[in-house]
$ cat structure_22.cif   # mmCIF, C-alpha atoms and all ligand atoms
data_query
loop_
_atom_site.group_PDB
_atom_site.id
_atom_site.type_symbol
_atom_site.label_atom_id
_atom_site.label_comp_id
_atom_site.auth_asym_id
_atom_site.auth_seq_id
_atom_site.Cartn_x
_atom_site.Cartn_y
_atom_site.Cartn_z
ATOM 1 C CA LEU H 16 90.650 92.840 119.846
ATOM 2 C CA THR H 17 91.112 93.800 123.496
ATOM 3 C CA ALA H 18 93.550 92.134 125.876
ATOM 4 C CA ASP H 19 90.670 90.276 127.535
ATOM 5 C CA GLU H 20 89.392 89.031 124.179
ATOM 6 C CA ALA H 21 92.866 87.937 123.128
ATOM 7 C CA ILE H 22 93.257 86.064 126.406
ATOM 8 C CA ALA H 23 89.782 84.531 126.126
ATOM 9 C CA LYS H 24 90.665 83.311 122.647
ATOM 10 C CA SER H 25 94.040 81.938 123.719
ATOM 11 C CA ARG H 26 95.121 78.611 122.347
ATOM 12 C CA VAL H 27 97.685 76.379 124.031
ATOM 13 C CA VAL H 28 100.045 74.266 121.963
ATOM 14 C CA ARG H 29 101.961 71.726 124.003
ATOM 15 C CA SER H 30 105.242 70.290 122.863
ATOM 16 C CA ARG H 31 108.542 69.011 124.105
ATOM 17 C CA ARG H 32 109.843 72.332 125.287
ATOM 18 C CA ARG H 33 110.926 73.574 128.673
ATOM 19 C CA THR H 34 109.585 77.101 128.826
ATOM 20 C CA LEU H 35 106.354 78.960 128.173
ATOM 21 C CA SER H 36 106.121 81.518 125.410
ATOM 22 C CA MET H 37 103.374 83.582 123.848
ATOM 23 C CA GLU H 38 102.681 85.099 120.490
ATOM 24 C CA LEU H 39 99.872 87.354 119.411
ATOM 25 C CA THR H 40 98.173 86.310 116.185
ATOM 26 C CA ASP H 41 95.112 87.679 114.406
ATOM 27 C CA GLU H 42 93.072 84.925 116.014
ATOM 28 C CA GLY H 43 94.190 85.660 119.563
ATOM 29 C CA LEU H 44 96.898 84.595 121.896
ATOM 30 C CA LEU H 45 98.991 81.546 121.105
ATOM 31 C CA ILE H 46 100.705 79.957 124.096
ATOM 32 C CA ARG H 47 103.452 77.417 123.636
ATOM 33 C CA ALA H 48 103.835 75.254 126.686
ATOM 34 C CA PRO H 49 105.746 72.205 127.894
ATOM 35 C CA GLN H 50 103.815 68.958 127.572
ATOM 36 C CA PHE H 51 102.891 68.713 131.252
ATOM 37 C CA ALA H 52 102.571 72.359 132.306
ATOM 38 C CA ALA H 53 99.667 72.802 134.722
ATOM 39 C CA LYS H 54 96.772 75.020 133.715
ATOM 40 C CA ALA H 55 97.398 77.207 136.774
ATOM 41 C CA GLN H 56 100.957 77.740 135.644
ATOM 42 C CA ILE H 57 99.796 78.793 132.176
ATOM 43 C CA ASP H 58 97.166 81.137 133.623
ATOM 44 C CA ARG H 59 99.780 82.733 135.844
ATOM 45 C CA PHE H 60 102.077 83.177 132.850
ATOM 46 C CA ILE H 61 99.299 84.976 130.974
ATOM 47 C CA ARG H 62 98.538 87.239 133.958
ATOM 48 C CA GLN H 63 102.202 88.112 134.374
ATOM 49 C CA ASN H 64 102.477 89.112 130.723
ATOM 50 C CA ARG H 65 99.345 91.171 130.455
ATOM 51 C CA SER H 66 101.170 94.447 129.830
ATOM 52 C CA TRP H 67 103.142 92.762 127.041
ATOM 53 C CA ILE H 68 99.850 91.642 125.477
ATOM 54 C CA GLU H 69 98.440 95.163 125.711
ATOM 55 C CA LYS H 70 101.547 96.653 124.161
ATOM 56 C CA ARG H 71 101.499 94.172 121.281
ATOM 57 C CA LEU H 72 97.804 94.826 120.650
ATOM 58 C CA LYS H 73 98.434 98.561 120.485
ATOM 59 C CA LYS H 74 101.211 97.999 117.965
ATOM 60 C CA LEU H 75 99.050 95.649 115.910
ATOM 61 C CA LYS H 76 96.248 98.198 115.831
ATOM 62 C CA ALA H 77 98.593 101.013 114.789
ATOM 63 C CA ARG H 78 99.910 98.822 111.967
ATOM 64 C CA GLN H 79 96.385 97.996 110.779
ATOM 65 C CA GLU H 80 95.522 101.691 110.723
ATOM 66 C CA GLN H 81 98.683 102.456 108.782
ATOM 67 C CA LEU H 82 97.816 99.757 106.262
ATOM 68 C CA ALA H 83 94.289 101.065 105.880
ATOM 69 C CA ASP H 84 95.698 104.511 105.102
ATOM 70 C CA VAL H 85 97.940 103.338 102.264
ATOM 71 C CA VAL H 86 96.862 104.734 98.914
ATOM 72 C CA PRO H 87 97.398 102.114 96.179
ATOM 73 C CA LEU H 88 99.469 103.195 93.204
ATOM 74 C CA THR H 89 97.681 103.818 89.929
ATOM 75 C CA ASP H 90 98.284 101.505 86.951
ATOM 76 C CA GLU H 91 100.332 104.243 85.394
ATOM 77 C CA GLU H 92 102.535 104.569 88.484
ATOM 78 C CA LEU H 93 102.966 100.814 88.700
ATOM 79 C CA ASN H 94 103.970 100.639 85.041
ATOM 80 C CA GLU H 95 106.504 103.396 85.592
ATOM 81 C CA LEU H 96 107.907 101.493 88.570
ATOM 82 C CA LYS H 97 108.081 98.321 86.531
ATOM 83 C CA LYS H 98 109.961 100.083 83.785
ATOM 84 C CA GLU H 99 112.460 101.459 86.270
ATOM 85 C CA ALA H 100 112.825 98.078 87.968
ATOM 86 C CA SER H 101 113.432 96.368 84.627
ATOM 87 C CA LYS H 102 116.435 98.619 84.175
ATOM 88 C CA VAL H 103 117.886 98.614 87.684
ATOM 89 C CA ILE H 104 117.293 95.072 88.945
ATOM 90 C CA PRO H 105 119.066 93.205 86.100
ATOM 91 C CA GLU H 106 122.079 95.452 86.694
ATOM 92 C CA ARG H 107 122.173 94.614 90.393
ATOM 93 C CA ALA H 108 121.680 90.916 89.636
ATOM 94 C CA ALA H 109 124.539 90.892 87.121
ATOM 95 C CA TYR H 110 126.782 92.659 89.620
ATOM 96 C CA TYR H 111 126.123 90.262 92.491
ATOM 97 C CA ALA H 112 126.045 87.142 90.313
ATOM 98 C CA GLN H 113 129.672 87.817 89.523
ATOM 99 C CA ILE H 114 130.564 88.220 93.197
ATOM 100 C CA ILE H 115 128.684 85.084 94.222
ATOM 101 C CA GLY H 116 129.858 83.120 91.198
ATOM 102 C CA VAL H 117 126.527 82.000 89.773
ATOM 103 C CA SER H 118 124.700 82.441 86.500
ATOM 104 C CA TYR H 119 120.962 82.767 86.098
ATOM 105 C CA GLY H 120 118.363 82.521 83.367
ATOM 106 C CA ARG H 121 115.577 85.005 82.809
ATOM 107 C CA ILE H 122 114.628 87.902 85.098
ATOM 108 C CA THR H 123 110.933 88.733 85.392
ATOM 109 C CA ILE H 124 109.626 91.848 87.138
ATOM 110 C CA ARG H 125 106.129 91.796 88.607
ATOM 111 C CA CYS H 126 104.173 94.184 90.792
ATOM 112 C CA GLN H 127 102.708 91.821 93.297
ATOM 113 C CA LYS H 128 101.346 91.705 96.809
ATOM 114 C CA THR H 129 102.746 88.406 97.899
ATOM 115 C CA ARG H 130 106.485 88.150 97.502
ATOM 116 C CA TRP H 131 109.640 90.174 97.021
ATOM 117 C CA GLY H 132 111.479 87.721 94.903
ATOM 118 C CA SER H 133 111.807 84.100 93.934
ATOM 119 C CA CYS H 134 114.158 81.762 92.158
ATOM 120 C CA SER H 135 112.993 78.810 90.114
ATOM 121 C CA ARG H 136 114.721 75.454 89.847
ATOM 122 C CA LYS H 137 115.606 76.376 86.271
ATOM 123 C CA GLY H 138 117.486 79.400 87.556
ATOM 124 C CA ASN H 139 114.998 82.051 86.502
ATOM 125 C CA LEU H 140 114.561 84.986 88.865
ATOM 126 C CA ASN H 141 111.466 86.949 89.712
ATOM 127 C CA PHE H 142 111.441 90.305 91.531
ATOM 128 C CA ASN H 143 108.767 92.628 92.821
ATOM 129 C CA CYS H 144 108.734 96.104 91.228
ATOM 130 C CA LEU H 145 107.769 97.607 94.610
ATOM 131 C CA LEU H 146 111.350 97.011 95.717
ATOM 132 C CA MET H 147 112.080 100.251 93.878
ATOM 133 C CA LEU H 148 110.259 102.067 96.687
ATOM 134 C CA ALA H 149 112.573 100.616 99.339
ATOM 135 C CA PRO H 150 116.110 101.782 100.127
ATOM 136 C CA PRO H 151 118.616 100.481 97.521
ATOM 137 C CA GLU H 152 120.217 98.323 100.223
ATOM 138 C CA VAL H 153 116.943 96.433 100.554
ATOM 139 C CA LEU H 154 116.822 95.771 96.829
ATOM 140 C CA ASP H 155 120.390 94.471 96.942
ATOM 141 C CA SER H 156 119.639 92.219 99.898
ATOM 142 C CA VAL H 157 116.721 90.630 98.030
ATOM 143 C CA VAL H 158 118.784 90.215 94.864
ATOM 144 C CA VAL H 159 121.552 88.507 96.836
ATOM 145 C CA HIS H 160 119.026 86.280 98.620
ATOM 146 C CA GLU H 161 117.574 85.010 95.337
ATOM 147 C CA LEU H 162 120.962 84.594 93.666
ATOM 148 C CA CYS H 163 122.217 82.525 96.605
ATOM 149 C CA HIS H 164 119.325 80.135 95.972
ATOM 150 C CA LEU H 165 121.272 79.160 92.860
ATOM 151 C CA LEU H 166 123.818 77.735 95.299
ATOM 152 C CA GLU H 167 121.359 76.400 97.868
ATOM 153 C CA MET H 168 117.684 75.835 97.087
ATOM 154 C CA ASN H 169 116.714 76.119 100.757
ATOM 155 C CA HIS H 170 116.980 78.392 103.791
ATOM 156 C CA SER H 171 119.644 76.398 105.603
ATOM 157 C CA ALA H 172 122.477 77.821 107.698
ATOM 158 C CA ARG H 173 124.712 77.262 104.676
ATOM 159 C CA PHE H 174 122.383 79.303 102.522
ATOM 160 C CA TYR H 175 122.431 82.242 104.960
ATOM 161 C CA ALA H 176 126.199 81.978 105.307
ATOM 162 C CA SER H 177 126.560 82.502 101.551
ATOM 163 C CA VAL H 178 124.057 85.384 101.664
ATOM 164 C CA ARG H 179 125.964 87.145 104.464
ATOM 165 C CA LYS H 180 129.278 86.535 102.757
ATOM 166 C CA ALA H 181 128.055 88.303 99.612
ATOM 167 C CA TYR H 182 126.116 90.912 101.559
ATOM 168 C CA PRO H 183 127.342 91.403 105.141
ATOM 169 C CA GLU H 184 124.544 93.821 106.052
ATOM 170 C CA TYR H 185 121.873 91.368 104.972
ATOM 171 C CA ASP H 186 120.224 90.935 108.384
ATOM 172 C CA ARG H 187 119.798 94.637 108.926
ATOM 173 C CA TRP H 188 118.034 95.224 105.601
ATOM 174 C CA ASN H 189 116.040 92.053 105.805
ATOM 175 C CA ARG H 190 114.750 93.361 109.139
ATOM 176 C CA TRP H 191 113.816 96.608 107.423
ATOM 177 C CA LEU H 192 111.842 94.693 104.818
ATOM 178 C CA LYS H 193 110.068 92.615 107.469
ATOM 179 C CA ASP H 194 109.064 95.773 109.333
ATOM 180 C CA ASN H 195 108.185 98.024 106.408
ATOM 181 C CA GLY H 196 107.470 95.588 103.592
ATOM 182 C CA PRO H 197 103.750 95.162 104.305
ATOM 183 C CA LEU H 198 103.216 98.906 103.900
ATOM 184 C CA LEU H 199 104.968 98.822 100.538
ATOM 185 C CA MET H 200 103.065 95.778 99.318
ATOM 186 C CA ALA H 201 99.797 97.471 100.191
ATOM 187 C CA LYS H 202 100.583 99.901 97.370
ATOM 188 C CA ALA H 203 100.140 97.210 94.726
ATOM 189 C CA ALA H 204 96.698 96.868 93.219
ATOM 190 C CA ASP H 205 94.737 93.754 94.180
HETATM 191 ZN ZN ZN X 301 114.510 82.288 99.898
#
$ encode --input "structure_22.cif" --output "structure tokens" --more "lines below"
Ligand SMILES: [Zn+2]
Amino acid sequence: LTADEAIAKSRVVRSRRRTLSMELTDEGLLIRAPQFAAKAQIDRFIRQNRSWIEKRLKKLKARQEQLADVVPLTDEELNELKKEASKVIPERAAYYAQIIGVSYGRITIRCQKTRWGSCSRKGNLNFNCLLMLAPPEVLDSVVVHELCHLLEMNHSARFYASVRKAYPEYDRWNRWLKDNGPLLMAKAAD
């Protein structure tokens, strides 16, 4: 995708907002605009932000190349990781459950490409074995996130307040996972 292609494929979503913003998606440029913004105004906004678009495209391309270079782990390596995770993660969960003041049901470890963790309504927890490849702080931040769902089954401000109370550095390590997580997940087999 070149900048011109991204611009040619741009899509405008109008809503009750006061400013223009843009986002680069796999399909092209997504412009969010106020309900009655003139087309000329939107075109000018795109022209003014061309260097931003080019920079984002470069980044996107670099990330795609990185992802293409990832060598998936073998079944043996994944099993080893799972074994390790089955030892470490329940320990971390028990530790933080005490701090947060919750109790949980079963813990399941999977090596998956889609999510880092989840918490069921019955209080069972599920964690991704690939977390073992991340810094330990990342693992803890995911454990705390899922345990706090036992207090709040949503992502409300109250939920995040309880997460940050139990794990003050949550935002920093969550950022790490957002930035580096896709490269780790690419290591799981399809
Ligand atoms: Zn959540």
$ resolve_selection --input "structure_22.cif" --expression "the PyMOL selection byres (((not hetatm)) within 7 of (chain X and resi 301))" --output "PyMOL selection string"
chain H and resi 133+160-161+164+169-170
$ residues_around --input "structure_22.cif" --residues "H:Cys163" --least-positions-apart "6" --cutoff "7 Å" --atoms "all atoms listed in the file" --output "PyMOL selection string"
chain H and resi 174+177-178
$ atom_distance --input "structure_22.cif" --atom1 "atom CA of H:Arg62" --atom2 "atom CA of H:Gln79"
25.6 Å
$ resolve_selection --input "structure_22.cif" --expression "the PyMOL selection byres (((chain H and resi 68) around 10) and not hetatm)" --output "VMD selection string"
chain H and resid 17 to 19 21 to 22 37 to 39 44 61 to 67 69 to 74
$ atom_distance --input "structure_22.cif" --atom1 "atom CA of H:Ala112" --atom2 "atom CA of H:Trp188"
19.1 Å
